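Visitor: Please find my_file.cif (mmCIF, C-alpha atoms and all ligand atoms) on the next line:
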data_target
#
loop_
_atom_site.label_atom_id
_atom_site.label_comp_id
_atom_site.auth_asym_id
_atom_site.auth_seq_id
_atom_site.Cartn_x
_atom_site.Cartn_y
_atom_site.Cartn_z
CA MET A 782 -15.79 -11.04 -8.82
CA ILE A 783 -14.87 -11.23 -5.12
CA ASP A 784 -12.46 -14.09 -4.42
CA GLU A 785 -11.18 -15.55 -1.11
CA ARG A 786 -7.50 -15.00 -1.86
CA PHE A 787 -5.54 -12.32 -3.70
CA SER A 788 -5.00 -12.96 -7.43
CA ASN A 789 -1.56 -14.13 -8.61
CA MET A 790 -1.04 -10.76 -10.28
CA SER A 791 -1.84 -8.83 -7.06
CA ILE A 792 0.52 -11.12 -5.11
CA PHE A 793 3.23 -10.62 -7.72
CA PHE A 794 2.80 -6.81 -7.64
CA HIS A 795 2.69 -6.70 -3.84
CA TRP A 796 5.88 -8.68 -3.19
CA THR A 797 7.99 -7.27 -6.06
CA HIS A 798 7.01 -3.77 -4.95
CA ALA A 799 7.70 -4.56 -1.27
CA ILE A 800 11.20 -5.96 -2.02
CA ILE A 801 12.07 -2.96 -4.23
CA ILE A 802 10.87 -0.44 -1.60
CA ILE A 803 12.82 -2.13 1.21
CA PHE A 804 15.91 -2.15 -1.03
CA LEU A 805 15.47 1.56 -1.94
CA VAL A 806 15.11 2.67 1.67
CA CYS A 807 18.18 0.70 2.85
CA TRP A 808 20.24 1.73 -0.20
CA GLY A 809 19.12 5.39 0.02
CA TRP A 810 19.97 5.52 3.72
CA TRP A 811 23.44 4.05 3.06
CA MET A 812 24.30 6.08 -0.06
CA VAL A 813 23.66 9.58 1.32
CA ASP A 814 26.69 9.28 3.65
CA LEU A 815 29.11 8.10 0.95
CA PRO A 816 32.00 10.49 0.21
CA LYS A 817 32.01 12.24 -3.18
CA GLY A 818 33.45 9.98 -5.88
CA SER A 819 32.62 7.22 -8.31
CA GLU A 820 31.07 4.89 -5.70
CA ARG A 821 28.62 7.64 -4.64
CA GLY A 822 27.86 8.41 -8.31
CA PHE A 823 27.13 4.75 -9.03
CA ALA A 824 25.03 4.36 -5.85
CA PHE A 825 22.90 7.44 -6.68
CA SER A 826 22.42 6.32 -10.31
CA LEU A 827 21.27 2.86 -9.25
CA HIS A 828 18.93 4.32 -6.60
CA LYS A 829 17.38 6.69 -9.13
CA SER A 830 16.90 3.96 -11.78
CA VAL A 831 15.41 1.44 -9.34
CA GLY A 832 13.27 4.26 -7.88
CA MET A 833 11.83 4.85 -11.36
CA VAL A 834 11.10 1.12 -11.66
CA ALA A 835 9.18 1.41 -8.36
CA TYR A 836 7.19 4.29 -9.86
CA LEU A 837 6.36 2.35 -13.06
CA LEU A 838 5.34 -0.62 -10.94
CA LEU A 839 3.06 1.65 -8.89
CA LEU A 840 1.36 2.92 -12.07
CA MET A 841 0.82 -0.63 -13.40
CA ARG A 842 -0.32 -1.83 -10.00
CA SER A 843 -2.80 1.03 -9.61
CA VAL A 844 -4.36 0.34 -13.03
CA TRP A 845 -4.63 -3.35 -12.12
CA ARG A 846 -6.14 -2.50 -8.72
CA PHE A 847 -8.70 -0.18 -10.33
CA PHE A 848 -10.10 -3.04 -12.42
CA HIS A 849 -9.68 -5.84 -9.85
CA GLN A 850 -11.40 -5.77 -6.50
CA PRO A 851 -9.41 -7.29 -3.61
CA PRO A 852 -10.99 -10.17 -1.65
CA LEU A 853 -13.21 -9.35 1.34
CA SER A 854 -11.24 -8.35 4.44
CA VAL A 855 -10.40 -11.09 6.96
CA VAL A 856 -10.72 -8.52 9.75
CA ASP A 857 -13.91 -8.62 11.87
CA SER A 858 -13.58 -5.32 13.70
CA PHE A 859 -15.22 -2.38 11.91
CA TYR A 860 -12.58 0.05 13.18
CA PHE A 861 -9.64 -2.19 12.21
CA LYS A 862 -11.14 -2.52 8.71
CA ARG A 863 -11.31 1.27 8.46
CA VAL A 864 -7.76 1.68 9.76
CA SER A 865 -6.36 -0.86 7.29
CA LYS A 866 -8.19 0.88 4.40
CA VAL A 867 -6.72 4.24 5.42
CA VAL A 868 -3.22 2.73 5.82
CA HIS A 869 -3.44 1.10 2.36
CA LEU A 870 -4.61 4.39 0.80
CA CYS A 871 -1.76 6.31 2.48
CA LEU A 872 0.72 3.65 1.30
CA TYR A 873 -0.47 4.13 -2.29
CA LEU A 874 -0.25 7.94 -1.95
CA LEU A 875 3.29 7.79 -0.55
CA LEU A 876 4.38 5.22 -3.14
CA PHE A 877 3.23 7.82 -5.68
CA MET A 878 4.76 10.94 -4.07
CA VAL A 879 8.17 9.61 -2.88
CA PRO A 880 9.59 8.89 -6.39
CA ILE A 881 8.21 12.17 -7.77
CA ALA A 882 9.94 14.14 -4.99
CA GLY A 883 13.15 12.14 -5.70
CA TYR A 884 12.91 12.90 -9.42
CA LEU A 885 12.38 16.61 -8.69
CA SER A 886 15.27 16.65 -6.22
CA ALA A 887 17.59 15.08 -8.81
CA SER A 888 16.27 17.46 -11.51
CA PHE A 889 17.67 20.55 -9.77
CA THR A 890 21.28 19.31 -9.71
CA LYS A 891 24.09 19.44 -12.28
CA TYR A 892 23.93 15.66 -12.77
CA THR A 893 22.29 14.07 -15.82
CA MET A 894 19.14 11.99 -15.28
CA LYS A 895 19.60 8.45 -16.48
CA PHE A 896 17.47 5.33 -16.42
CA PHE A 897 19.97 2.43 -16.39
CA GLY A 898 22.25 4.40 -18.76
CA PHE A 899 19.50 5.94 -20.97
CA SER A 900 19.27 9.74 -20.71
CA LEU A 901 15.96 11.18 -19.54
CA PRO A 902 14.71 14.79 -19.50
CA LYS A 903 15.11 16.71 -16.24
CA LEU A 904 12.24 18.80 -14.90
CA GLY A 905 14.50 21.56 -13.56
CA TRP A 906 17.79 23.45 -13.74
CA LEU A 907 20.78 23.85 -11.44
CA ASP A 908 19.45 25.41 -8.21
CA SER A 909 20.78 24.27 -4.84
CA GLY A 910 17.90 25.89 -2.89
CA ILE A 911 15.17 24.04 -4.82
CA ASN A 912 17.27 20.86 -4.80
CA GLU A 913 17.54 21.08 -1.00
CA PHE A 914 13.76 21.61 -0.66
CA PHE A 915 12.88 18.54 -2.75
CA SER A 916 15.71 16.54 -1.21
CA GLN A 917 14.27 17.13 2.28
CA THR A 918 10.73 16.48 1.04
CA HIS A 919 11.89 13.22 -0.55
CA ALA A 920 13.64 12.12 2.66
CA LEU A 921 10.67 13.10 4.86
CA LEU A 922 8.17 11.26 2.65
CA ALA A 923 10.46 8.21 2.30
CA TRP A 924 10.81 7.92 6.11
CA THR A 925 7.06 8.44 6.58
CA LEU A 926 6.51 5.59 4.09
CA THR A 927 8.95 3.44 6.07
CA GLY A 928 7.07 4.16 9.31
CA LEU A 929 3.75 3.31 7.68
CA VAL A 930 5.18 0.05 6.29
CA VAL A 931 6.13 -0.90 9.87
CA VAL A 932 2.54 -0.20 11.02
CA HIS A 933 1.25 -2.16 8.00
CA VAL A 934 3.46 -5.18 8.74
CA LEU A 935 2.44 -5.15 12.43
CA GLY A 936 -1.22 -5.09 11.34
CA ALA A 937 -0.58 -8.01 8.97
CA ILE A 938 1.15 -10.00 11.75
CA ILE A 939 -1.82 -9.42 14.07
CA HIS A 940 -4.11 -10.72 11.29
CA SER A 941 -1.91 -13.60 10.18
CA ALA A 942 -4.76 -15.10 8.10
CA ALA A 943 -4.32 -12.07 5.84
CA ILE A 944 -0.62 -12.87 5.30
CA LYS A 945 -1.45 -16.43 4.22
CA ARG A 946 -3.71 -15.27 1.40
CA MET A 947 -1.10 -12.77 0.21
CA PHE A 948 1.10 -15.82 -0.50
CA PHE A 949 -1.10 -18.71 -1.59
C1 LIG A 1001 9.60 4.66 -3.82
C2 LIG A 1001 10.78 5.01 -4.30
C3 LIG A 1001 11.91 5.59 -3.47
C4 LIG A 1001 12.24 5.40 -2.15
C5 LIG A 1001 11.52 4.51 -1.13
C6 LIG A 1001 13.40 6.22 -1.88
C7 LIG A 1001 14.04 6.30 -0.65
C8 LIG A 1001 15.10 7.13 -0.36
C9 LIG A 1001 15.73 7.27 0.94
C10 LIG A 1001 15.31 6.54 2.22
C11 LIG A 1001 16.72 8.18 0.83
C12 LIG A 1001 17.66 8.69 1.94
C13 LIG A 1001 17.05 9.94 2.54
C14 LIG A 1001 17.86 10.53 3.68
O1 LIG A 1001 17.75 9.99 4.80
O2 LIG A 1001 18.54 11.52 3.45
C15 LIG A 1001 16.75 8.63 -0.55
C16 LIG A 1001 17.62 9.58 -1.07
C17 LIG A 1001 17.62 9.99 -2.39
N1 LIG A 1001 16.78 9.58 -3.40
FE1 LIG A 1001 15.28 8.24 -3.21
N2 LIG A 1001 13.76 6.89 -3.03
C18 LIG A 1001 12.88 6.53 -4.03
C19 LIG A 1001 12.88 6.98 -5.34
C20 LIG A 1001 13.76 7.88 -5.88
C21 LIG A 1001 13.76 8.37 -7.25
C22 LIG A 1001 12.76 7.93 -8.35
C23 LIG A 1001 14.77 9.27 -7.37
C24 LIG A 1001 15.23 10.09 -8.56
C25 LIG A 1001 14.97 9.82 -9.81
C26 LIG A 1001 15.43 9.35 -6.07
C27 LIG A 1001 16.51 10.16 -5.79
C28 LIG A 1001 17.11 10.26 -4.56
C29 LIG A 1001 18.22 11.17 -4.29
C30 LIG A 1001 18.87 12.10 -5.32
C31 LIG A 1001 18.54 11.00 -2.93
C32 LIG A 1001 19.64 11.70 -2.14
C33 LIG A 1001 19.33 13.02 -1.59
C34 LIG A 1001 17.91 13.42 -1.64
O3 LIG A 1001 17.17 13.07 -0.69
O4 LIG A 1001 17.53 14.06 -2.63
N3 LIG A 1001 14.78 8.49 -5.18
N4 LIG A 1001 15.75 7.99 -1.25
C1 LIG A 1002 7.58 -2.03 1.50
C2 LIG A 1002 6.78 -2.94 1.92
C3 LIG A 1002 5.30 -3.02 1.66
C4 LIG A 1002 4.44 -2.20 0.98
C5 LIG A 1002 4.77 -0.89 0.27
C6 LIG A 1002 3.11 -2.79 1.05
C7 LIG A 1002 1.96 -2.24 0.48
C8 LIG A 1002 0.70 -2.80 0.52
C9 LIG A 1002 -0.50 -2.24 -0.07
C10 LIG A 1002 -0.58 -0.91 -0.82
C11 LIG A 1002 -1.52 -3.09 0.18
C12 LIG A 1002 -2.99 -2.90 -0.25
C13 LIG A 1002 -3.28 -3.80 -1.41
C14 LIG A 1002 -4.61 -3.45 -2.07
O1 LIG A 1002 -5.67 -3.63 -1.44
O2 LIG A 1002 -4.56 -2.99 -3.22
C15 LIG A 1002 -0.97 -4.21 0.91
C16 LIG A 1002 -1.69 -5.31 1.34
C17 LIG A 1002 -1.18 -6.30 2.15
N1 LIG A 1002 0.12 -6.41 2.62
FE1 LIG A 1002 1.64 -5.19 2.21
N2 LIG A 1002 3.19 -3.95 1.78
C18 LIG A 1002 4.50 -4.13 2.17
C19 LIG A 1002 5.03 -5.15 2.93
C20 LIG A 1002 4.30 -6.17 3.46
C21 LIG A 1002 4.81 -7.20 4.33
C22 LIG A 1002 6.29 -7.36 4.75
C23 LIG A 1002 3.75 -7.99 4.68
C24 LIG A 1002 3.71 -9.20 5.58
C25 LIG A 1002 4.23 -9.31 6.74
C26 LIG A 1002 2.58 -7.47 4.03
C27 LIG A 1002 1.32 -7.99 4.09
C28 LIG A 1002 0.22 -7.54 3.43
C29 LIG A 1002 -1.08 -8.19 3.47
C30 LIG A 1002 -1.42 -9.45 4.24
C31 LIG A 1002 -1.95 -7.42 2.67
C32 LIG A 1002 -3.44 -7.68 2.39
C33 LIG A 1002 -4.29 -7.07 3.45
C34 LIG A 1002 -5.73 -7.49 3.23
O3 LIG A 1002 -6.05 -8.63 3.45
O4 LIG A 1002 -6.51 -6.61 2.76
N3 LIG A 1002 2.95 -6.34 3.30
N4 LIG A 1002 0.37 -4.00 1.12
#
As structure tokens, please, write out the structure in this file.

Guide:
Amino acid sequence: MIDERFSNMSIFFHWTHAIIIIFLVCWGWWMVDLPKGSERGFAFSLHKSVGMVAYLLLLMRSVWRFFHQPPLSVVDSFYFKRVSKVVHLCLYLLLFMVPIAGYLSASFTKYTMKFFGFSLPKLGWLDSGINEFFSQTHALLAWTLTGLVVVHVLGAIIHSAAIKRMFF
């Protein structure tokens, strides 16, 4: 059924995901310059665990989205509608790829993979070359996601009626 506003579940998914992503980008940006030591170790572990939460949220959100159609767009312009669809699709793709690249980057290091203290399997072995490749891919994708979020937020501000129905 097509409704005027977003469902409570979609609103919940959208804002929890948004807060987590903004946290991960700021935290990731800050942590990479920390000197080697326990603070850096803690910062990386927290980033990885919260990053996995973001991935789980994306999976749940995608399943929900598959079965629940969003309300009709508030945008009149045909081209703007198209652009917002493409931006949303790219956001979903990046929200999927960024954590995977992060997981792969962390898999090719000597450090254990933990989810809030629980050990997880790694998908690789100790290899600084592969680690560097996925590390750069992760950073590139994460900053592309950040740029797209800025475009997305500007689009939402231009169509402020859209923001209202993402809240109420
Ligand atoms: C959507 C989720 C995620 C976002 C938005 C995100 C964002 C970021 C950002 C902005 C950086 C700093 C990049 C730089 O400028 O060098 C970073 C670094 C890092 N992230 Fe993530 N991250 C996410 C998920 C993950 C996950 C799931 C893991 C691993 C399980 C992970 C592991 C790392 C590691 C090891 C670094 C440091 C060096 C590197 O780039 O490999 N991240 N992340
Ligand atoms: C990291 C931050 C964010 C991410 C990853 C994100 C992601 C998304 C995605 C994927 C959608 C498409 C939903 C769907 O149709 O399934 C969406 C919709 C939307 N977002 Fe965000 N968002 C973020 C931040 C924000 C912020 C800060 C605002 C408000 C200023 C905002 C306003 C909206 C609105 C209004 C819609 C609905 C657009 C419509 O009417 O179709 N988002 N967002």

Visitor: Record the distance separating CA of Ile939 (chain A) and atom C1 of ligand LIG 1001 (chain A), expressed in Å with one decimal.

Guide: 25.5 Å

Visitor: Which residues come within 12 Å of Ala920 (chain A), counting all atoms listed in the file, excluding same-chain residues fewer than 4 positions away, as a list in words?

Guide: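 Contacts, in chain order: Leu805, Val806, Gly809, Trp810, Val813, Leu875, Met878, Val879, Pro880, Ile881, Ala882, Gly883, Ser886, Glu913, Phe914, Phe915, Ser916, Trp924, Thr925, Leu926 and Thr927 of chain A.
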
Visitor: Quick check, in Å to one decimal: how far apart do CA of Ser788 (chain A) and CA of Leu935 (chain A) lie?

Guide: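 Spanning CA of Ser788 (chain A) to CA of Leu935 (chain A) is a straight-line distance of 22.6 Å.
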
Visitor: Might you pull out every residue within 8 Å of Phe896 (chain A), with all atoms listed in the file counted and same-chain residues fewer than 5 positions away left off, and present them as a list of chain:residue names?

Guide: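 That gives A:Ser826, A:Lys829, A:Ser830, A:Met833, A:Leu901.
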
Visitor: Which residue gives the smallest distance to Leu885 (chain A) among A:Val867, A:Ile911, A:Leu872, A:Ile801, with only C-alpha atoms counted?

Guide: A:Ile911

Visitor: Show me as a PyMOL selection string the residues that reach within 10 Å of (-8.6, -10.2, -3.5), counting only C-alpha atoms and using the file's own coordinates.

Guide: chain A and resi 782-789+791-792+846+849-854+946-947

Visitor: Which residues are close to Phe794 (chain A), i.e. within 12 Å by all atoms listed in the file, leaving aside same-chain residues fewer than 6 positions away? Reply as a PyMOL selection string.

Guide: chain A and resi 787-788+800-802+835+837-846+947-948

Visitor: Just to be explicit: take each residue in the selection above, keep C-alpha atoms, and write the result as a short mmCIF file (atom, residue, chain, number, x, y, z; two decimals), in the coordinates of the input.

Guide:
data_model
loop_
_atom_site.label_atom_id
_atom_site.label_comp_id
_atom_site.auth_asym_id
_atom_site.auth_seq_id
_atom_site.Cartn_x
_atom_site.Cartn_y
_atom_site.Cartn_z
CA PHE A 787 -5.54 -12.32 -3.70
CA SER A 788 -5.00 -12.96 -7.43
CA ILE A 800 11.20 -5.96 -2.02
CA ILE A 801 12.07 -2.96 -4.23
CA ILE A 802 10.87 -0.44 -1.60
CA ALA A 835 9.18 1.41 -8.36
CA LEU A 837 6.36 2.35 -13.06
CA LEU A 838 5.34 -0.62 -10.94
CA LEU A 839 3.06 1.65 -8.89
CA LEU A 840 1.36 2.92 -12.07
CA MET A 841 0.82 -0.63 -13.40
CA ARG A 842 -0.32 -1.83 -10.00
CA SER A 843 -2.80 1.03 -9.61
CA VAL A 844 -4.36 0.34 -13.03
CA TRP A 845 -4.63 -3.35 -12.12
CA ARG A 846 -6.14 -2.50 -8.72
CA MET A 947 -1.10 -12.77 0.21
CA PHE A 948 1.10 -15.82 -0.50
#

Visitor: So, with all atoms listed in the file as the atoms that count, which of A:Ser819, A:Ser858, A:Ser865, A:Gln917 lies closest to ligand LIG 1002 (chain A)?

Guide: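 Ranking A:Ser819, A:Ser858, A:Ser865, A:Gln917 by distance to ligand LIG 1002 (chain A), first place goes to A:Ser865.
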
Visitor: To one decimal in Å, tell me the separation between atom O1 of ligand LIG 1002 (chain A) and CA of Leu827 (chain A).

Guide: 28.8 Å
